[in-house]
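Shown here: data_1.txt, compact mmCIF, C-alpha atoms.
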```txt
# COMPACT_ATOMS: atom_id res chain seq x y z
CA MET G 519 63.01 106.34 61.91
CA SER G 520 63.40 103.08 59.94
CA ALA G 521 66.24 101.94 57.69
CA LEU G 522 63.81 102.24 54.76
CA ASP G 523 63.33 105.93 55.60
CA ASP G 524 67.11 106.41 55.71
CA VAL G 525 67.59 104.80 52.28
CA GLY G 526 64.76 106.82 50.74
CA ARG G 527 66.18 110.07 52.09
CA MET G 528 69.68 109.31 50.85
CA LEU G 529 68.41 108.43 47.38
CA ALA G 530 66.67 111.80 47.20
CA LEU G 531 69.49 113.85 48.70
CA VAL G 532 71.82 114.00 45.68
CA PRO G 533 69.27 115.15 43.05
CA TRP G 534 67.79 117.60 45.59
CA LEU G 535 71.20 119.14 46.29
CA LEU G 536 72.09 119.26 42.59
CA GLU G 537 68.99 121.37 41.99
CA ARG G 538 69.98 123.70 44.88
CA PRO G 539 73.74 124.36 44.69
CA GLY G 540 75.09 125.69 47.96
CA ALA G 541 72.05 124.77 50.05
CA SER G 542 72.72 125.11 53.76
CA LEU G 543 72.67 122.24 56.24
CA THR G 544 69.74 123.87 58.02
CA GLU G 545 67.74 124.21 54.79
CA THR G 546 68.50 120.60 53.80
CA ALA G 547 67.56 119.23 57.23
CA ASP G 548 64.25 121.17 57.20
CA ALA G 549 63.40 119.90 53.70
CA PHE G 550 63.89 116.26 54.70
CA GLY G 551 62.45 116.49 58.20
CA ALA G 552 65.73 115.38 59.78
CA THR G 553 68.30 116.82 62.13
CA GLU G 554 71.46 118.50 60.85
CA GLN G 555 73.47 115.74 62.53
CA ARG G 556 71.51 113.12 60.59
CA ILE G 557 72.11 114.96 57.30
CA ARG G 558 75.83 115.18 58.07
CA LYS G 559 75.99 111.40 58.56
CA ASP G 560 74.05 110.85 55.31
CA LEU G 561 76.50 113.04 53.43
CA GLU G 562 79.42 111.09 54.88
CA HIS G 563 77.90 107.88 53.50
CA LEU G 564 77.35 109.49 50.08
CA ASP G 565 81.12 109.84 49.72
CA PHE G 566 81.15 106.07 49.15
CA CYS G 567 78.35 106.16 46.55
CA GLY G 568 78.43 106.94 42.87
CA LEU G 569 77.79 105.72 39.37
CA PRO G 570 78.27 102.12 38.13
CA GLY G 571 81.93 101.27 38.16
CA LEU G 572 82.52 102.89 41.55
CA GLY G 573 86.11 103.68 40.70
CA GLY G 574 87.94 106.77 41.88
CA GLY G 575 86.35 108.92 39.17
CA ASP G 576 82.84 107.49 39.61
CA LEU G 577 82.19 108.38 43.27
CA PHE G 578 80.23 111.46 44.31
CA ASP G 579 82.30 114.25 45.86
CA VAL G 580 80.41 115.75 48.80
CA SER G 581 81.82 118.54 50.95
CA ILE G 582 80.53 121.09 53.47
CA VAL G 583 81.97 124.59 53.13
CA GLU G 584 80.89 127.07 55.82
CA ASP G 585 77.63 125.22 56.43
CA ARG G 586 76.95 124.99 52.67
CA VAL G 587 76.70 121.59 50.96
CA VAL G 588 78.57 121.16 47.69
CA VAL G 589 78.07 118.06 45.53
CA THR G 590 80.26 117.39 42.49
CA MET G 591 81.06 114.40 40.25
CA ALA G 592 77.30 113.76 39.91
CA ASP G 593 76.52 115.55 36.64
CA GLU G 594 75.38 112.26 35.09
CA LEU G 595 72.26 112.43 37.25
CA LYS G 596 71.24 115.68 35.53
CA ARG G 597 71.14 114.08 32.10
CA PRO G 598 67.82 112.85 30.68
CA MET G 599 66.91 109.25 31.41
CA ARG G 600 67.65 107.01 28.43
CA PRO G 601 65.93 103.69 29.07
CA THR G 602 66.19 100.78 26.67
CA PRO G 603 62.98 99.93 24.73
CA ALA G 604 62.31 97.05 27.14
CA GLU G 605 62.81 99.29 30.21
CA ALA G 606 60.55 101.98 28.74
CA LEU G 607 57.79 99.47 27.99
CA ARG G 608 58.06 97.97 31.47
CA LEU G 609 57.74 101.40 33.08
CA VAL G 610 54.70 102.29 30.97
CA LEU G 611 52.93 98.99 31.66
CA THR G 612 53.55 99.41 35.40
CA VAL G 613 52.10 102.93 35.41
CA ASP G 614 49.19 101.70 33.27
CA ALA G 615 48.45 98.97 35.80
CA VAL G 616 48.25 101.50 38.62
CA ALA G 617 46.21 104.00 36.58
CA GLU G 618 43.71 101.29 35.60
CA VAL G 619 42.78 100.87 39.26
CA LEU G 620 43.36 104.34 40.70
CA GLY G 621 42.77 106.60 37.70
CA ASP G 622 39.40 107.88 38.93
CA GLU G 623 40.81 108.66 42.38
CA LEU G 624 44.03 110.20 41.10
CA PRO G 625 43.27 112.20 37.93
CA ALA G 626 46.85 113.46 37.84
CA LEU G 627 48.00 109.86 37.36
CA THR G 628 46.03 109.54 34.13
CA SER G 629 47.72 112.60 32.65
CA ALA G 630 51.08 111.38 33.98
CA VAL G 631 50.68 108.15 32.00
CA ALA G 632 50.24 110.12 28.79
CA LYS G 633 53.29 112.26 29.56
CA VAL G 634 55.42 109.19 30.32
CA ARG G 635 54.31 107.57 27.05
CA GLU G 636 55.11 110.71 25.09
CA ALA G 637 58.50 111.22 26.74
CA LEU G 638 59.57 107.60 26.19
CA GLY G 639 58.03 107.25 22.74
CA VAL G 640 55.70 104.40 23.71
CA PRO G 641 52.39 104.84 21.82
CA GLU G 642 49.00 103.49 22.89
CA GLY G 643 48.34 99.91 21.85
CA VAL G 644 52.01 99.03 21.45
CA ALA G 645 51.54 96.05 23.77
CA ASP G 646 48.63 93.90 24.89
CA VAL G 647 48.61 92.27 28.31
CA LEU G 648 47.26 88.77 27.81
CA GLU G 649 46.43 88.03 31.45
CA PRO G 650 42.85 88.79 32.54
CA SER G 651 42.40 92.24 34.05
CA THR G 652 42.81 92.38 37.82
CA THR G 653 40.91 95.66 38.17
CA GLY G 654 37.86 94.05 39.80
CA ALA G 655 39.95 91.94 42.17
CA VAL G 656 42.01 94.93 43.30
CA ALA G 657 38.87 96.98 43.86
CA GLU G 658 37.36 94.24 46.04
CA VAL G 659 40.53 93.84 48.10
CA ARG G 660 40.80 97.60 48.62
CA ARG G 661 37.16 97.65 49.78
CA ALA G 662 37.94 94.86 52.26
CA LEU G 663 40.94 96.79 53.58
CA LYS G 664 38.85 99.93 54.01
CA ASP G 665 36.03 98.11 55.80
CA GLY G 666 38.28 95.80 57.85
CA ARG G 667 36.77 92.65 56.32
CA ARG G 668 38.14 89.21 55.51
CA VAL G 669 38.62 88.21 51.86
CA HIS G 670 37.79 84.85 50.26
CA LEU G 671 40.02 83.94 47.30
CA ASP G 672 39.66 81.13 44.80
CA TYR G 673 43.39 81.01 44.22
CA GLN G 674 45.59 78.78 42.09
CA GLY G 675 49.17 78.79 43.28
CA ARG G 676 52.08 77.63 41.17
CA GLY G 677 51.94 74.17 42.67
CA ASP G 678 48.14 73.78 42.52
CA SER G 679 46.34 71.83 39.79
CA ALA G 680 43.10 73.78 40.43
CA PRO G 681 42.04 76.88 42.41
CA ARG G 682 41.60 76.43 46.17
CA GLU G 683 39.62 78.64 48.53
CA ARG G 684 41.73 80.80 50.83
CA ARG G 685 40.46 82.92 53.75
CA ILE G 686 42.67 85.99 54.04
CA ASP G 687 42.80 88.91 56.47
CA PRO G 688 44.16 91.53 54.04
CA TRP G 689 47.06 93.71 55.14
CA ARG G 690 48.29 95.43 51.99
CA VAL G 691 47.65 95.52 48.24
CA GLN G 692 50.54 96.75 46.11
CA VAL G 693 51.66 96.80 42.48
CA VAL G 694 55.19 95.60 41.63
CA ASP G 695 56.43 95.65 38.03
CA GLY G 696 52.86 95.86 36.75
CA THR G 697 51.55 92.96 38.88
CA TRP G 698 49.16 93.47 41.80
CA TYR G 699 49.92 91.57 45.00
CA LEU G 700 47.84 90.99 48.12
CA GLN G 701 49.60 90.38 51.42
CA GLY G 702 47.72 89.12 54.40
CA TYR G 703 47.15 86.46 57.02
CA ASP G 704 46.19 83.10 55.48
CA HIS G 705 43.91 81.31 57.94
CA GLU G 706 44.64 77.91 56.38
CA ALA G 707 48.43 78.34 56.54
CA GLN G 708 48.16 80.38 59.78
CA ASP G 709 50.90 82.68 58.55
CA LEU G 710 51.70 85.62 56.26
CA ARG G 711 51.19 84.82 52.59
CA THR G 712 51.59 86.84 49.39
CA PHE G 713 49.12 86.35 46.53
CA ARG G 714 49.32 87.49 42.91
CA LEU G 715 45.84 88.78 42.14
CA ASP G 716 46.09 87.73 38.50
CA ARG G 717 46.05 84.13 39.79
CA ALA G 718 42.80 84.60 41.69
CA ALA G 719 39.85 83.05 39.86
CA ALA G 720 37.42 84.88 42.17
CA VAL G 721 37.59 87.43 44.98
CA ALA G 722 34.79 88.06 47.47
CA VAL G 723 34.60 90.31 50.52
CA SER G 724 33.32 88.39 53.56
CA ASP G 725 31.01 89.69 56.28
CA ASP G 726 33.55 88.39 58.81
CA PRO G 727 35.86 91.01 60.30
CA ALA G 728 39.60 90.74 59.70
CA ASP G 729 40.89 90.04 63.21
CA VAL G 730 44.64 89.48 62.61
CA SER G 731 46.60 92.73 62.44
CA ALA G 732 49.55 93.34 60.14
CA PRO G 733 53.04 93.28 61.69
CA ALA G 734 54.86 96.59 62.07
CA ASP G 735 57.67 95.45 59.73
CA LEU G 736 55.63 93.94 56.89
CA PRO G 737 58.17 93.02 54.16
CA PRO G 738 57.62 93.99 50.52
CA PRO G 739 55.71 91.52 48.33
CA ARG G 740 57.81 88.56 47.27
CA TYR G 741 57.47 84.81 46.90
CA GLN G 742 57.29 83.04 50.26
CA PRO G 743 58.20 79.31 50.15
CA GLY G 744 55.88 77.02 52.09
CA PRO G 745 56.76 74.26 54.60
CA ASP G 746 57.41 71.72 51.81
CA ALA G 747 60.00 73.91 50.08
CA VAL G 748 63.20 72.37 48.71
CA GLU G 749 66.57 73.95 47.97
CA VAL G 750 67.41 74.04 44.27
CA GLN G 751 70.60 74.65 42.32
CA LEU G 752 70.44 75.41 38.59
CA ALA G 753 73.40 75.86 36.24
CA VAL G 754 72.50 78.32 33.47
CA SER G 755 74.44 79.48 30.42
CA ARG G 756 74.46 83.06 29.18
CA GLY G 757 71.35 82.26 27.15
CA GLY G 758 69.55 80.92 30.22
CA ARG G 759 70.09 83.91 32.52
CA TRP G 760 66.50 85.03 31.91
CA LEU G 761 65.63 82.46 34.58
CA VAL G 762 66.97 84.93 37.15
CA GLU G 763 63.96 87.14 36.36
CA ALA G 764 61.49 84.25 36.09
CA LEU G 765 62.41 82.71 39.47
CA ASP G 766 62.85 84.08 42.99
CA VAL G 767 66.58 83.50 43.22
CA ASP G 768 68.26 83.73 46.63
CA ARG G 769 71.87 83.74 45.47
CA ILE G 770 73.85 83.81 42.21
CA GLU G 771 77.32 82.33 41.74
CA GLU G 772 78.88 83.79 38.62
CA GLY G 773 80.51 81.33 36.23
CA PRO G 774 82.60 81.46 33.06
CA ASP G 775 81.33 82.83 29.73
CA GLY G 776 78.38 84.64 31.29
CA GLY G 777 76.93 81.54 32.93
CA ALA G 778 75.97 81.18 36.59
CA THR G 779 74.71 78.84 39.28
CA LEU G 780 71.37 79.89 40.73
CA HIS G 781 70.40 79.00 44.30
CA LEU G 782 66.71 79.21 45.26
CA THR G 783 64.07 77.71 47.51
CA THR G 784 60.71 76.61 46.12
CA ASP G 785 57.63 74.61 47.06
CA ALA G 786 56.57 74.35 43.39
CA PRO G 787 59.22 72.09 41.80
CA ARG G 788 57.08 71.25 38.77
CA HIS G 789 56.87 74.95 37.97
CA VAL G 790 60.69 75.10 38.03
CA ALA G 791 60.84 71.93 35.92
CA ARG G 792 58.67 73.52 33.23
CA LEU G 793 60.89 76.62 33.18
CA VAL G 794 63.99 74.42 32.82
CA LEU G 795 62.33 72.70 29.87
CA MET G 796 61.51 76.10 28.33
CA ALA G 797 65.21 77.01 28.59
CA ALA G 798 65.85 74.45 25.82
CA GLY G 799 69.20 73.18 27.06
CA GLU G 800 70.41 76.49 28.51
CA ALA G 801 69.66 75.34 32.09
CA THR G 802 70.61 72.19 34.00
CA VAL G 803 69.36 71.04 37.39
CA LEU G 804 72.22 70.26 39.78
CA GLU G 805 70.15 69.61 42.91
CA PRO G 806 67.90 68.03 44.16
CA ALA G 807 67.64 64.64 42.47
CA ALA G 808 63.84 64.76 42.72
CA LEU G 809 63.77 67.89 40.54
CA ILE G 810 66.00 66.19 37.95
CA GLU G 811 63.42 63.40 37.78
CA ALA G 812 60.62 65.97 37.52
CA VAL G 813 62.31 67.57 34.49
CA ARG G 814 62.63 64.13 32.88
CA ASP G 815 58.95 63.39 33.57
CA VAL G 816 57.81 66.71 32.08
CA THR G 817 60.04 66.16 29.05
CA ALA G 818 58.73 62.62 28.54
CA ALA G 819 55.13 63.85 28.78
CA CYS G 820 55.80 66.51 26.14
CA VAL G 821 57.48 64.00 23.81
CA ALA G 822 54.56 61.60 24.27
CA ARG G 823 52.07 64.28 23.23
CA TYR G 824 54.00 64.91 20.02
CA GLU G 825 54.30 61.18 19.31
CA ASP G 826 50.52 60.80 19.68
```
Rewrite the coordinates I just gave you, this time as structure tokens.
Amino acid sequence: MSALDDVGRMLALVPWLLERPGASLTETADAFGATEQRIRKDLEHLDFCGLPGLGGGDLFDVSIVEDRVVVTMADELKRPMRPTPAEALRLVLTVDAVAEVLGDELPALTSAVAKVREALGVPEGVADVLEPSTTGAVAEVRRALKDGRRVHLDYQGRGDSAPRERRIDPWRVQVVDGTWYLQGYDHEAQDLRTFRLDRAAAVAVSDDPADVSAPADLPPPRYQPGPDAVEVQLAVSRGGRWLVEALDVDRIEEGPDGGATLHLTTDAPRHVARLVLMAAGEATVLEPAALIEAVRDVTAACVARYED
């Protein structure tokens, strides 16, 4: 059993037990397909978990009384979810993205989208996604996965000035925060690569078989720096913290007044330079010197366009 399985089980344990007060260890173990010893260990760990704050009054209280599991100090989990407008919209757009591709195969998902919209008060047409639809690309990649075929992508990465052809043995297609990602073996890079399908100008299923198998511990989709990657440090003010979401940040050092220093690795420095320019003074490049020059070059090019 993997660590991911352990985390998933522990996340589900508390709400499951709250719905079944006094459930026995045997009943709980059977429900989660685990041993009673494993459930006991999970419950011991839950004593150190709780709600944000994690003070003495925020931790879950888990006890076993005559083989019965009792969970207290977790009533907050029974209350209805109250997302912010931005969180509600993000959830709806993510579910929409999945339903757009899988709606015909999973009719229940289509009705679930409507229920989520109604529950969160997000009506149809409240937002338009400006990026081209990836429905066709996802369908082609899923067909390649089913048939065990290689995929040809015309793909424009963040550091590319124009799309380049990539030959990929597909391993997994997955949606994260409303964006579809393809993970697979890139024959040009000879390594695992992750591709955002909304950046693919064209997708075609090859007649060639996919002959490189996926590893057993395939990581979730995330940006993978290439061999030319550089380490970057950015100082951001409170107003520039949105860069944490726009970049794949490795580490954050908190600073005064809501500011922070962001540490990341990238092989697309001009992409970072453009984001720094968009921050309008709320972000400053600390390292490397080449990125500082890139920001100056991008700024000068923008000024020149306005002067013309």
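Interatomic distance, CA of Ser679 (chain G) to CA of Gly799 (chain G): 26.2 Å.
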Quick one: residues within 10 Å of Asp725 (chain G), only C-alpha atoms counted, chain neighbours fewer than 6 positions away excluded, as a PyMOL selection string?
chain G and resi 662+665-669
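Of the residues under consideration (G:Arg527, G:Arg717, G:Arg685, G:Arg558), G:Arg685 shows the shortest atom-to-atom contact distance to His705 (chain G) when counting only C-alpha atoms.
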Tell me which protein, DNA and RNA residues are within 9 Å of Ser731 (chain G), counting all atoms listed in the file, leaving out same-chain ones fewer than 3 positions away, and put them as a ChimeraX atom specification.
/G:687-689,702-703,728
Show me, as a VMD selection string, the residues that have an atom within 10 Å of Arg756 (chain G) when counting all atoms listed in the file, minus same-chain residues fewer than 5 positions from it.
chain G and resid 773 to 778 800 to 801
Mind writing the picked residues with C-alpha atoms as a PDB file, in the frame of the given file?
```pdb
ATOM      1  CA  GLY G 773      80.510  81.330  36.230  1.00  0.00           C
ATOM      2  CA  PRO G 774      82.600  81.460  33.060  1.00  0.00           C
ATOM      3  CA  ASP G 775      81.330  82.830  29.730  1.00  0.00           C
ATOM      4  CA  GLY G 776      78.380  84.640  31.290  1.00  0.00           C
ATOM      5  CA  GLY G 777      76.930  81.540  32.930  1.00  0.00           C
ATOM      6  CA  ALA G 778      75.970  81.180  36.590  1.00  0.00           C
ATOM      7  CA  GLU G 800      70.410  76.490  28.510  1.00  0.00           C
ATOM      8  CA  ALA G 801      69.660  75.340  32.090  1.00  0.00           C
TER       9      ALA G 801
END
```
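Pairwise distance (CA of Glu749 (chain G), CA of Ala734 (chain G)) equals 29.1 Å.
When CA of Gly758 (chain G) is paired with CA of Ala797 (chain G), their separation reads 6.1 Å.
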If I put a ball of radius 12 Å at (64.0, 75.3, 29.8) in the file's coordinates, which residues poke into it when counting all atoms listed in the file, written as a PyMOL selection string?
chain G and resi 752-755+757-761+764+789-803+813-814+816-817
Excluding region 630-636 of chain G and its own-chain neighbours fewer than 6 positions away, which residues fall within 7 Å of it when counting only C-alpha atoms? Please give them as a PyMOL selection string.
chain G and resi 610+613-614
Within 10 Å of Trp698 (chain G), counting only C-alpha atoms, which residues qualify if same-chain residues fewer than 5 places away don't, as a ChimeraX atom specification?
/G:612,615-616,652-653,655-656,691-693,713-716,739
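In this comparison, which uses all atoms listed in the file, the residue of G:Gln701, G:Val721, G:Val580, G:Thr779 approaching Gly654 (chain G) most closely is G:Val721.
Residue nearest Val762 (chain G) within the list G:Arg690, G:Leu782, G:Val748, G:Tyr824: G:Leu782 [criterion: smallest interatomic distance, all atoms listed in the file].
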Around the point (37.7, 77.5, 46.9), in the coordinates given by the file, pick out the residues reaching within 9 Å, counting all atoms listed in the file, and return them as a PyMOL selection string.
chain G and resi 670-673+681-684+720
